[in-house]
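A.B. asks: input_28.cif is reproduced below (mmCIF, C-alpha atoms).
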data_entry
loop_
_atom_site.label_atom_id
_atom_site.label_comp_id
_atom_site.auth_asym_id
_atom_site.auth_seq_id
_atom_site.Cartn_x
_atom_site.Cartn_y
_atom_site.Cartn_z
CA MET A 25 109.44 158.61 66.89
CA PHE A 26 106.65 156.31 67.85
CA ALA A 27 105.33 156.26 64.33
CA GLN A 28 108.79 155.51 63.01
CA SER A 29 109.32 152.58 65.32
CA VAL A 30 105.99 151.12 64.30
CA LEU A 31 106.54 151.72 60.65
CA ALA A 32 109.95 150.14 60.84
CA GLU A 33 108.09 146.84 60.94
CA SER A 34 106.31 147.73 57.76
CA ASN A 35 108.11 148.39 54.57
CA GLY A 36 107.33 152.06 54.98
CA LEU A 37 104.17 154.10 54.88
CA TYR A 38 102.90 153.40 51.43
CA ILE A 39 99.78 155.32 50.59
CA GLY A 40 99.39 153.02 47.62
CA ASP A 41 98.99 150.05 49.94
CA MET A 42 96.33 151.84 51.91
CA LEU A 43 94.40 152.72 48.77
CA PHE A 44 94.87 149.21 47.47
CA TYR A 45 93.43 147.72 50.64
CA ILE A 46 90.52 150.11 50.82
CA ILE A 47 89.59 149.57 47.19
CA SER A 48 90.05 145.83 47.26
CA PHE A 49 88.02 145.62 50.46
CA VAL A 50 85.21 147.61 48.88
CA ILE A 51 85.28 145.42 45.78
CA LEU A 52 85.31 142.34 47.98
CA MET A 53 82.30 143.69 49.86
CA LEU A 54 80.40 144.33 46.65
CA LEU A 55 81.15 140.87 45.29
CA VAL A 56 80.33 139.10 48.52
CA LYS A 57 77.12 141.07 48.83
CA LYS A 58 76.02 140.17 45.33
CA PHE A 59 76.98 136.50 45.35
CA ALA A 60 76.83 135.32 48.95
CA TRP A 61 75.22 137.70 51.38
CA LYS A 62 72.07 138.71 49.55
CA PRO A 63 70.78 135.27 48.55
CA VAL A 64 71.61 133.73 51.90
CA VAL A 65 70.14 136.54 53.99
CA LYS A 66 67.09 136.61 51.77
CA MET A 67 66.68 132.89 52.24
CA MET A 68 67.14 133.23 56.00
CA HIS A 69 64.53 135.95 56.04
CA ASP A 70 62.18 133.90 53.88
CA ARG A 71 62.67 130.94 56.14
CA ALA A 72 61.92 132.95 59.25
CA GLU A 73 58.79 134.23 57.57
CA LYS A 74 57.79 130.78 56.44
CA ILE A 75 58.24 129.36 59.91
CA ALA A 76 56.15 132.17 61.39
CA ASN A 77 53.49 131.56 58.76
CA ASP A 78 53.59 127.85 59.40
CA ILE A 79 53.09 128.40 63.10
CA ASP A 80 50.19 130.75 62.40
CA SER A 81 48.56 128.44 59.92
CA ALA A 82 49.04 125.49 62.25
CA GLU A 83 47.22 127.43 64.97
CA GLU A 84 44.53 128.32 62.49
CA SER A 85 44.01 124.81 61.25
CA ARG A 86 43.93 123.50 64.80
CA ASN A 87 41.19 125.96 65.65
CA GLU A 88 39.38 124.99 62.51
CA ALA A 89 39.63 121.32 63.39
CA ASN A 90 38.31 122.04 66.87
CA GLU A 91 35.42 123.94 65.40
CA LEU A 92 34.67 121.16 62.99
CA ALA A 93 34.75 118.59 65.76
CA GLN A 94 32.34 120.62 67.84
CA LYS A 95 30.09 121.11 64.85
CA ARG A 96 30.13 117.41 64.14
CA GLN A 97 29.35 116.63 67.75
CA SER A 98 26.36 118.95 67.80
CA GLU A 99 25.24 117.68 64.43
CA LEU A 100 25.47 114.14 65.68
CA LYS A 101 23.32 115.08 68.64
CA ASN A 102 20.87 116.81 66.38
CA SER A 103 20.64 113.90 64.03
CA ARG A 104 20.06 111.55 66.92
CA GLN A 105 17.16 113.69 68.10
CA GLU A 106 15.89 113.93 64.58
CA ALA A 107 16.02 110.19 64.17
CA ALA A 108 14.15 109.73 67.43
CA SER A 109 11.47 112.19 66.36
CA ILE A 110 11.17 110.54 62.96
CA VAL A 111 10.67 107.17 64.57
CA ASN A 112 8.11 108.64 66.92
CA ASP A 113 6.28 110.32 64.06
CA ALA A 114 6.26 107.11 62.10
CA LYS A 115 4.91 105.23 65.10
CA GLN A 116 2.16 107.75 65.59
CA ASN A 117 1.35 107.76 61.93
CA GLY A 118 1.16 103.99 61.93
CA GLU A 119 -1.05 104.06 64.95
CA THR A 120 -3.50 106.50 63.45
CA GLN A 121 -3.40 104.76 60.11
CA ARG A 122 -4.12 101.45 61.81
CA ALA A 123 -6.99 102.94 63.69
CA GLN A 124 -8.33 104.44 60.51
CA ILE A 125 -8.01 101.22 58.59
CA VAL A 126 -9.66 99.28 61.34
CA GLU A 127 -12.43 101.81 61.52
CA THR A 128 -13.07 101.86 57.80
CA ALA A 129 -12.96 98.09 57.74
CA GLN A 130 -15.47 97.95 60.52
CA ASN A 131 -17.63 100.46 58.74
CA ASP A 132 -17.37 98.55 55.52
CA ALA A 133 -18.17 95.35 57.23
CA GLN A 134 -21.10 96.95 58.93
CA ALA A 135 -22.36 98.34 55.65
CA LEU A 136 -21.89 95.03 53.91
CA LYS A 137 -23.63 93.24 56.66
CA GLU A 138 -26.48 95.68 56.56
CA ALA A 139 -26.78 95.40 52.79
CA ALA A 140 -26.72 91.66 52.98
CA GLN A 141 -29.37 91.69 55.65
CA LYS A 142 -31.43 94.05 53.58
CA ASP A 143 -30.97 91.83 50.52
CA ALA A 144 -31.93 88.78 52.49
CA GLN A 145 -34.94 90.57 53.88
CA GLN A 146 -35.88 91.65 50.41
CA ALA A 147 -35.45 88.16 49.00
CA ARG A 148 -37.50 86.67 51.77
CA GLN A 149 -40.08 89.32 51.27
CA ASP A 150 -40.15 88.63 47.55
CA ALA A 151 -40.29 84.92 48.05
CA LEU A 152 -43.06 85.26 50.58
CA LYS A 153 -44.94 87.53 48.24
CA GLY A 154 -44.49 85.09 45.35
CA ALA A 155 -45.55 82.26 47.56
CA GLN A 156 -48.53 84.23 48.80
CA ASN A 157 -49.69 84.84 45.27
CA ASP A 158 -49.05 81.28 44.22
CA VAL A 159 -50.75 79.88 47.25
CA ALA A 160 -53.64 82.25 46.79
CA ASN A 161 -54.06 81.20 43.20
CA LEU A 162 -53.58 77.53 44.05
CA SER A 163 -56.01 77.68 46.86
CA ILE A 164 -58.51 79.48 44.65
CA GLU A 165 -58.12 76.82 42.06
CA ILE A 166 -58.35 74.10 44.70
CA ALA A 167 -61.35 75.73 46.23
CA THR A 168 -63.05 76.12 42.89
CA LYS A 169 -62.32 72.59 42.04
CA ILE A 170 -63.56 71.35 45.36
CA ILE A 171 -66.65 73.43 45.84
CA HIS A 172 -67.14 74.34 42.27
CA LYS A 173 -68.10 77.59 43.44
CA GLU A 174 -66.39 80.80 42.52
CA LEU A 175 -65.20 82.32 45.64
CA ASN A 176 -64.68 86.00 45.85
CA ALA A 177 -61.03 86.27 45.02
CA ASN A 178 -60.53 89.14 47.42
CA ASP A 179 -62.07 87.39 50.37
CA GLN A 180 -60.03 84.33 49.55
CA LYS A 181 -56.86 86.33 49.39
CA ALA A 182 -57.51 87.92 52.79
CA LEU A 183 -58.09 84.52 54.24
CA ILE A 184 -54.79 83.19 52.83
CA ASP A 185 -52.90 86.28 53.89
CA SER A 186 -53.93 85.78 57.46
CA TYR A 187 -52.99 82.19 57.19
CA ILE A 188 -49.55 82.83 55.72
CA GLU A 189 -48.83 85.62 58.24
CA GLY A 190 -49.42 83.12 60.95
CA LEU A 191 -47.02 80.76 59.09
CA GLY A 192 -44.32 83.48 58.84
CA LYS A 193 -44.66 84.19 62.55
CA ASP A 194 -44.15 80.57 63.37
CA GLU A 195 -41.06 80.35 61.15
CA SER A 196 -39.22 83.38 62.42
CA MET B 3 110.72 141.30 56.67
CA GLY B 4 111.62 144.81 57.60
CA GLY B 5 112.80 147.73 55.59
CA GLU B 6 115.91 146.09 54.19
CA SER B 7 113.92 143.77 51.91
CA ALA B 8 111.49 146.40 50.71
CA TYR B 9 110.19 145.30 47.37
CA THR B 10 108.13 148.08 45.96
CA PHE B 11 106.84 149.55 42.77
CA LYS B 12 105.52 152.94 41.82
CA LEU B 13 102.20 153.53 40.12
CA PHE B 14 100.47 156.90 39.52
CA GLY B 15 103.05 158.44 41.79
CA LEU B 16 102.06 156.17 44.69
CA MET B 17 104.32 153.66 46.33
CA PHE B 18 103.07 150.10 46.50
CA ASP B 19 104.59 147.22 48.40
CA TRP B 20 104.50 143.89 46.57
CA THR B 21 104.12 141.87 49.74
CA ASN B 22 101.00 143.70 50.84
CA VAL B 23 99.50 143.82 47.37
CA ILE B 24 100.00 140.12 46.70
CA SER B 25 98.89 138.88 50.12
CA GLY B 26 95.93 141.24 50.16
CA LEU B 27 94.88 140.00 46.77
CA ILE B 28 95.25 136.38 47.87
CA VAL B 29 93.14 137.03 50.97
CA CYS B 30 90.43 138.69 48.90
CA VAL B 31 90.41 135.84 46.41
CA ILE B 32 90.27 133.22 49.17
CA VAL B 33 87.46 135.02 50.99
CA PHE B 34 85.45 135.44 47.84
CA CYS B 35 85.99 131.87 46.64
CA VAL B 36 85.03 130.40 50.01
CA LEU B 37 81.91 132.52 50.36
CA PHE B 38 80.99 132.00 46.71
CA GLY B 39 81.43 128.26 47.08
CA LEU B 40 79.39 128.13 50.26
CA SER B 41 76.53 130.14 48.81
CA ARG B 42 75.79 127.87 45.87
CA LYS B 43 72.49 126.03 45.81
CA ILE B 44 70.70 128.14 48.40
CA GLN B 45 67.70 126.23 49.68
CA MET B 46 64.88 126.72 52.11
CA LYS B 47 66.14 123.63 53.91
CA PRO B 48 69.83 124.40 54.42
CA LYS B 49 72.41 121.78 53.58
CA GLY B 50 76.18 121.53 53.95
CA GLY B 51 77.88 124.75 52.89
CA GLN B 52 74.80 126.85 53.35
CA ASN B 53 74.67 125.78 56.99
CA VAL B 54 78.29 126.90 57.49
CA LEU B 55 77.64 130.24 55.81
CA GLU B 56 74.47 130.84 57.82
CA TRP B 57 76.30 129.95 60.99
CA MET B 58 78.98 132.54 60.20
CA ILE B 59 76.35 135.14 59.35
CA ASP B 60 74.50 134.39 62.57
CA PHE B 61 77.75 134.71 64.49
CA THR B 62 78.62 138.18 63.16
CA ASN B 63 74.97 139.25 63.34
CA GLY B 64 75.08 138.25 67.00
CA ILE B 65 78.13 140.47 67.55
CA VAL B 66 76.37 143.44 65.95
CA ARG B 67 73.07 142.81 67.71
CA GLY B 68 74.85 142.65 71.05
CA GLN B 69 76.14 146.20 70.61
CA MET B 70 73.37 148.20 68.99
CA PRO B 71 69.58 148.22 68.96
CA ALA B 72 67.99 146.13 66.22
CA SER B 73 66.59 149.21 64.51
CA LYS B 74 70.11 150.56 63.90
CA THR B 75 71.89 147.42 62.66
CA GLY B 76 71.00 148.03 59.00
CA GLN B 77 73.97 147.41 56.76
CA TYR B 78 76.44 147.17 59.65
CA SER B 79 75.80 143.44 60.00
CA PHE B 80 76.98 142.99 56.44
CA PHE B 81 80.05 145.15 57.01
CA ALA B 82 80.85 143.25 60.20
CA PHE B 83 80.44 139.94 58.35
CA VAL B 84 82.85 140.79 55.54
CA LEU B 85 85.27 142.44 57.96
CA PHE B 86 85.30 139.40 60.21
CA ILE B 87 85.87 136.91 57.40
CA PHE B 88 88.50 139.13 55.81
CA ILE B 89 90.49 139.63 59.00
CA PHE B 90 90.15 136.01 60.03
CA VAL B 91 91.53 134.81 56.70
CA ALA B 92 94.21 137.52 56.73
CA ASN B 93 95.30 136.41 60.20
CA GLN B 94 95.50 132.75 59.25
CA ILE B 95 97.09 133.03 55.84
CA GLY B 96 100.55 133.84 57.26
CA LEU B 97 100.45 130.64 59.29
CA VAL B 98 99.97 128.60 56.15
CA PHE B 99 102.08 130.44 53.59
CA GLN B 100 105.23 132.34 54.24
CA PHE B 101 106.45 132.71 50.74
CA GLY B 102 109.56 134.52 49.70
CA TRP B 103 111.44 134.78 46.47
CA ASP B 104 114.76 136.30 45.57
CA GLY B 105 115.32 137.66 49.07
CA HIS B 106 111.92 139.35 49.12
CA GLU B 107 108.98 138.27 51.12
CA LEU B 108 105.94 137.95 48.88
CA VAL B 109 103.20 136.34 50.93
CA LYS B 110 102.51 136.75 54.63
CA SER B 111 99.63 137.80 56.86
CA PRO B 112 98.58 141.26 55.66
CA THR B 113 97.51 141.98 59.23
CA ALA B 114 101.12 141.59 60.38
CA ASP B 115 101.77 144.93 58.70
CA PRO B 116 100.78 148.09 60.63
CA VAL B 117 99.98 149.96 57.42
CA VAL B 118 97.29 147.39 56.60
CA THR B 119 95.79 147.17 60.07
CA LEU B 120 95.77 150.95 60.46
CA THR B 121 94.11 151.19 57.06
CA LEU B 122 91.40 148.86 58.27
CA SER B 123 90.94 150.76 61.50
CA LEU B 124 90.89 154.01 59.51
CA VAL B 125 88.08 152.60 57.40
CA VAL B 126 86.19 151.53 60.51
CA MET B 127 86.62 154.87 62.31
CA SER B 128 85.67 156.81 59.17
CA LEU B 129 82.56 154.70 58.88
CA ALA B 130 81.74 155.28 62.55
CA HIS B 131 82.12 159.04 62.27
CA PHE B 132 80.24 159.14 59.01
CA ALA B 133 77.43 157.14 60.61
CA GLY B 134 77.40 159.61 63.50
CA VAL B 135 77.02 162.54 61.13
CA ALA B 136 74.35 160.71 59.13
CA GLU B 137 72.43 159.93 62.30
CA TYR B 138 72.50 163.26 64.15
CA GLY B 139 73.54 165.76 61.52
CA PHE B 140 76.85 167.59 61.57
CA LYS B 141 75.82 169.81 64.47
CA GLY B 142 74.75 166.91 66.64
CA TYR B 143 77.93 165.09 65.73
CA VAL B 144 80.14 167.99 66.77
CA LYS B 145 78.11 168.42 69.91
CA SER B 146 78.89 164.86 70.96
CA TYR B 147 82.50 166.00 71.54
CA VAL B 148 81.51 168.45 74.26
CA LYS B 149 79.38 166.03 76.17
CA PRO B 150 78.79 165.86 79.04
CA PHE B 151 80.54 169.25 79.33
CA ALA B 152 82.90 171.35 77.22
CA LEU B 153 85.95 170.69 79.35
CA LEU B 154 86.07 167.12 78.10
CA LEU B 155 86.68 168.17 74.49
CA PRO B 156 90.43 167.38 74.43
CA ILE B 157 89.87 164.10 76.21
CA ASN B 158 87.15 163.14 73.75
CA LEU B 159 89.35 164.03 70.79
CA PHE B 160 92.23 162.07 72.27
CA GLU B 161 89.93 159.14 72.88
CA GLU B 162 88.82 159.07 69.25
CA PHE B 163 92.40 159.10 68.08
CA GLY B 164 93.32 156.47 70.65
CA ASN B 165 90.50 154.25 69.46
CA PHE B 166 91.77 154.47 65.93
CA LEU B 167 95.34 153.73 66.93
CA THR B 168 94.68 150.90 69.36
CA LEU B 169 92.18 149.22 67.05
CA GLY B 170 94.81 148.93 64.34
CA LEU B 171 97.86 148.29 66.50
CA ARG B 172 96.27 145.63 68.70
CA ILE B 173 95.72 143.26 65.83
CA PHE B 174 99.04 144.14 64.24
CA GLY B 175 100.89 143.41 67.47
CA ASN B 176 99.25 140.05 68.00
CA ILE B 177 99.65 138.77 64.48
CA TYR B 178 103.11 140.22 63.98
CA ALA B 179 104.37 138.70 67.20
CA GLY B 180 102.91 135.33 66.23
CA GLU B 181 104.61 135.37 62.87
CA LEU B 182 107.86 136.63 64.31
CA LEU B 183 108.00 133.76 66.75
CA LEU B 184 107.12 131.29 63.98
CA LYS B 185 110.05 132.61 61.94
CA LEU B 186 112.38 132.42 64.92
CA LEU B 187 111.35 128.83 65.55
CA ALA B 188 111.88 128.04 61.89
CA SER B 189 115.36 129.54 61.92
CA LEU B 190 116.08 127.57 65.08
CA ALA B 191 114.99 124.39 63.33
CA PHE B 192 117.44 124.94 60.48
CA SER B 193 120.31 126.22 62.63
CA HIS B 194 122.05 123.03 63.85
CA GLY B 195 120.87 120.14 61.74
CA PRO B 196 118.44 117.35 62.70
CA LEU B 197 118.68 117.78 66.49
CA THR B 198 117.27 121.31 66.52
CA MET B 199 114.69 120.26 63.94
CA ILE B 200 113.35 117.61 66.30
CA VAL B 201 113.24 120.11 69.15
CA ALA B 202 111.71 122.91 67.09
CA LEU B 203 109.05 120.84 65.32
CA PRO B 204 106.68 120.32 68.27
CA LEU B 205 107.22 123.91 69.38
CA GLU B 206 106.35 125.12 65.91
CA ILE B 207 103.20 122.97 65.84
CA ILE B 208 102.10 124.21 69.25
CA TRP B 209 102.75 127.82 68.35
CA GLN B 210 100.92 127.51 65.04
CA GLY B 211 97.89 126.11 66.80
CA PHE B 212 98.03 128.90 69.32
CA SER B 213 98.35 131.46 66.53
CA VAL B 214 95.25 130.11 64.85
CA PHE B 215 93.46 130.67 68.13
CA ILE B 216 94.90 134.18 68.49
CA GLY B 217 93.99 135.03 64.91
CA ALA B 218 90.37 134.01 65.51
CA ILE B 219 90.22 135.92 68.79
CA GLN B 220 91.72 139.05 67.24
CA ALA B 221 89.27 138.97 64.34
CA TYR B 222 86.45 138.68 66.86
CA VAL B 223 87.86 141.50 69.00
CA PHE B 224 88.35 143.76 65.97
CA VAL B 225 84.78 143.26 64.76
CA THR B 226 83.34 143.64 68.25
CA LEU B 227 85.19 146.92 68.80
CA THR B 228 84.13 148.08 65.35
CA THR B 229 80.48 147.62 66.24
CA VAL B 230 81.07 149.24 69.63
CA TYR B 231 82.57 152.35 68.03
CA ILE B 232 79.82 152.55 65.43
CA SER B 233 77.04 152.01 67.95
CA ARG B 234 78.49 154.71 70.21
CA LYS B 235 78.18 157.14 67.32
CA VAL B 236 74.69 156.20 66.21
CA SER B 237 72.91 155.67 69.52
CA GLU B 238 72.30 157.92 72.51
CA GLU B 239 74.43 157.18 75.49
#
Go ahead and render the structure in this file as structure tokens.
C.D. replies:
Amino acid sequence: MFAQSVLAESNGLYIGDMLFYIISFVILMLLVKKFAWKPVVKMMHDRAEKIANDIDSAEESRNEANELAQKRQSELKNSRQEAASIVNDAKQNGETQRAQIVETAQNDAQALKEAAQKDAQQARQDALKGAQNDVANLSIEIATKIIHKELNANDQKALIDSYIEGLGKDES
Amino acid sequence: MGGESAYTFKLFGLMFDWTNVISGLIVCVIVFCVLFGLSRKIQMKPKGGQNVLEWMIDFTNGIVRGQMPASKTGQYSFFAFVLFIFIFVANQIGLVFQFGWDGHELVKSPTADPVVTLTLSLVVMSLAHFAGVAEYGFKGYVKSYVKPFALLLPINLFEEFGNFLTLGLRIFGNIYAGELLLKLLASLAFSHGPLTMIVALPLEIIWQGFSVFIGAIQAYVFVTLTTVYISRKVSEE
């Protein structure tokens, strides 16, 4: 009775209609799945994944940037120290080099001076010797001419030597 | 409307009703065309139609997720999505077209016919029971009828049958009543010339708007109850 009163509003219980609706609904589901649902859901899934990845990679790159900044900071500090040590080294090197140069220059100068002194000494010695001989000869000649007497050349020479030594002592 | 204007044909020994066949076909075509149109040019950055489609999918996914644990949703979100769109369009189509020809009604809301709504609820309940068997095996499924104790068996059986009946008849009642009142208002409008037309026009507009609202609500209720029935079968209570 109940079923009849409900079905009175339909055009009757048509099994065909039921089958038609079930089949058409299944076909509709298949079509919608193929053309609309799958691509969209896949895209939604991809997007969710992409966003998650983006968040992860953003975190990663932020960490990386932090690391890099710290590295740079420490490197900057290091390079500053390095620069300071280089400057110090250079200063020290310069100092020692200067000292060395000065020392060698002094040594050189000393040596030169000594050589020059020696040369001068030698020259004076030579000159004195030359002069001694000349004077000895001259005085022998003068003496011979004056006294016409041949003096012993050796005695004469000793006489002149003593004379000239006294001369050198007066000069120096 | 009603038995007097039955307009049927026979195929493979089965009786078909033209009204249901034509309106069901129209609903299917509309649903498919809309969803097909919205799902063109799918992009990572959604635009226009894709946004609408994703909003609808999110909506039905939300219904399903509210009823069952995420591990069990599986294909049910898809079923709920198609079911929701189908019923929503079926509810609204009778508000837009009421097409008759040669004394026969050809196009109306398919959901204003109890055979159609009971077919849908039959599909839903079959799916729910099938899911229950698939989840717990036939033994576990049968056992669920004698829980928490054996005395409740008749009540449980009656409840299952009641679920099936109320699920189908609720939506039929709402949509059928809406259409019936629309037809009454239309016949009022044409009963006594221009005066009744002026009176009936605003009433018709108001009632159509209200029916749109009811159609949306009923589609939502139907899908929500569908997921409730399925989730009761697949998850421990």
A.B. asks: Between A:Lys137, A:Leu54, A:Phe59, A:Ala129, single out the one closest to chain B, counting all atoms listed in the file.
C.D. replies: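 Closest to chain B of all the choices is A:Phe59.
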A.B. asks: Just say which residues the PyMOL selection byres ((chain B and resi 30) around 12) picks in this file, as a ChimeraX atom specification.
C.D. replies: /A:44-56 /B:22-29,31-38,84-85,87-92,95,112
A.B. asks: Could you jot down the atom CA of Gly40 of chain A to atom CA of Val125 of chain B separation for me, Å, one decimal place?
C.D. replies: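 Going from atom CA of Gly40 of chain A over to atom CA of Val125 of chain B covers 15.0 Å.
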A.B. asks: Name the residues that the PyMOL selection byres ((chain A and resi 68) around 12) pulls out of this structure, and write them as a PDB file with C-alpha atoms, in the frame of the given file.
C.D. replies:
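Dumped everything to selection.pdb:
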ATOM      1  CA  TRP A  61      75.220 137.700  51.380  1.00  0.00           C
ATOM      2  CA  LYS A  62      72.070 138.710  49.550  1.00  0.00           C
ATOM      3  CA  PRO A  63      70.780 135.270  48.550  1.00  0.00           C
ATOM      4  CA  VAL A  64      71.610 133.730  51.900  1.00  0.00           C
ATOM      5  CA  VAL A  65      70.140 136.540  53.990  1.00  0.00           C
ATOM      6  CA  LYS A  66      67.090 136.610  51.770  1.00  0.00           C
ATOM      7  CA  MET A  67      66.680 132.890  52.240  1.00  0.00           C
ATOM      8  CA  HIS A  69      64.530 135.950  56.040  1.00  0.00           C
ATOM      9  CA  ASP A  70      62.180 133.900  53.880  1.00  0.00           C
ATOM     10  CA  ARG A  71      62.670 130.940  56.140  1.00  0.00           C
ATOM     11  CA  ALA A  72      61.920 132.950  59.250  1.00  0.00           C
ATOM     12  CA  GLU A  73      58.790 134.230  57.570  1.00  0.00           C
ATOM     13  CA  LYS A  74      57.790 130.780  56.440  1.00  0.00           C
ATOM     14  CA  ILE A  75      58.240 129.360  59.910  1.00  0.00           C
TER      15      ILE A  75
ATOM     16  CA  ILE B  44      70.700 128.140  48.400  1.00  0.00           C
ATOM     17  CA  GLN B  45      67.700 126.230  49.680  1.00  0.00           C
ATOM     18  CA  MET B  46      64.880 126.720  52.110  1.00  0.00           C
ATOM     19  CA  LYS B  47      66.140 123.630  53.910  1.00  0.00           C
ATOM     20  CA  PRO B  48      69.830 124.400  54.420  1.00  0.00           C
ATOM     21  CA  GLN B  52      74.800 126.850  53.350  1.00  0.00           C
ATOM     22  CA  ASN B  53      74.670 125.780  56.990  1.00  0.00           C
ATOM     23  CA  LEU B  55      77.640 130.240  55.810  1.00  0.00           C
ATOM     24  CA  GLU B  56      74.470 130.840  57.820  1.00  0.00           C
ATOM     25  CA  TRP B  57      76.300 129.950  60.990  1.00  0.00           C
ATOM     26  CA  ILE B  59      76.350 135.140  59.350  1.00  0.00           C
ATOM     27  CA  ASP B  60      74.500 134.390  62.570  1.00  0.00           C
TER      28      ASP B  60
END
A.B. asks: Quick one, how far is atom CA of Arg42 of chain B from atom CA of Phe80 of chain B?
C.D. replies: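 Calculated distance between atom CA of Arg42 of chain B and atom CA of Phe80 of chain B is 18.5 Å.
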A.B. asks: Please evaluate the PyMOL selection byres ((chain B and resi 232) around 12) against the structure above and give the resulting residues as a VMD selection string.
C.D. replies: chain B and resid 66 69 to 71 74 to 79 81 to 82 123 125 to 137 162 165 225 to 231 233 to 238
A.B. asks: Could you tell me how far atom CA of Phe18 of chain B sits from atom CA of Glu107 of chain B, in Å to one decimal place?
C.D. replies: 14.0 Å
A.B. asks: Would you kindly return, as a VMD selection string, each protein, DNA or RNA residue with an atom no farther than 12 Å from any atom of segment 193-206 of chain B, considering only C-alpha atoms and excluding same-chain residues fewer than 5 positions away?
C.D. replies: chain B and resid 97 180 to 188 211 to 213
A.B. asks: Counting only C-alpha atoms, what is within 12 Å of Val148 of chain B, bar same-chain residues fewer than 6 positions away, as a list in words?
C.D. replies: Lys141, Gly142, Leu154, Leu155, Pro156, Ile157, Asn158 and Leu159 of chain B
A.B. asks: Which residue out of A:Met42, A:Ala182, A:Leu100, A:Ala167 has the minimum interatomic distance to chain B when all atoms listed in the file are used?
C.D. replies: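 The closest residue to chain B is A:Met42.
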A.B. asks: Which of these, B:Gln210, B:Thr168, B:Asn93, B:Ser41, has the shortest distance to chain A once you count all atoms listed in the file?
C.D. replies: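 The closest residue to chain A is B:Ser41.
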A.B. asks: Which neighbours of Arg172 of chain B fall inside 10 Å, counting only C-alpha atoms, when residues of the same chain fewer than 3 positions from it are skipped, and could you give them as a ChimeraX atom specification?
C.D. replies: /B:116,119-120,167-169,175-178,220,223-224
A.B. asks: Output C-alpha atoms for every residue in the selection just made, as a tab-separated table (two decimals), in the frame of the given file.
C.D. replies:
chain	number	residue	atom	x	y	z
B	116	PRO	CA	100.78	148.09	60.63
B	119	THR	CA	95.79	147.17	60.07
B	120	LEU	CA	95.77	150.95	60.46
B	167	LEU	CA	95.34	153.73	66.93
B	168	THR	CA	94.68	150.90	69.36
B	169	LEU	CA	92.18	149.22	67.05
B	175	GLY	CA	100.89	143.41	67.47
B	176	ASN	CA	99.25	140.05	68.00
B	177	ILE	CA	99.65	138.77	64.48
B	178	TYR	CA	103.11	140.22	63.98
B	220	GLN	CA	91.72	139.05	67.24
B	223	VAL	CA	87.86	141.50	69.00
B	224	PHE	CA	88.35	143.76	65.97
A.B. asks: Nearest to chain A: which of B:Val98, B:Ala179, B:Tyr138, B:Tyr147 is it, counting all atoms listed in the file?
C.D. replies: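 When distances to chain A are compared using all atoms listed in the file, the smallest one comes from B:Ala179.
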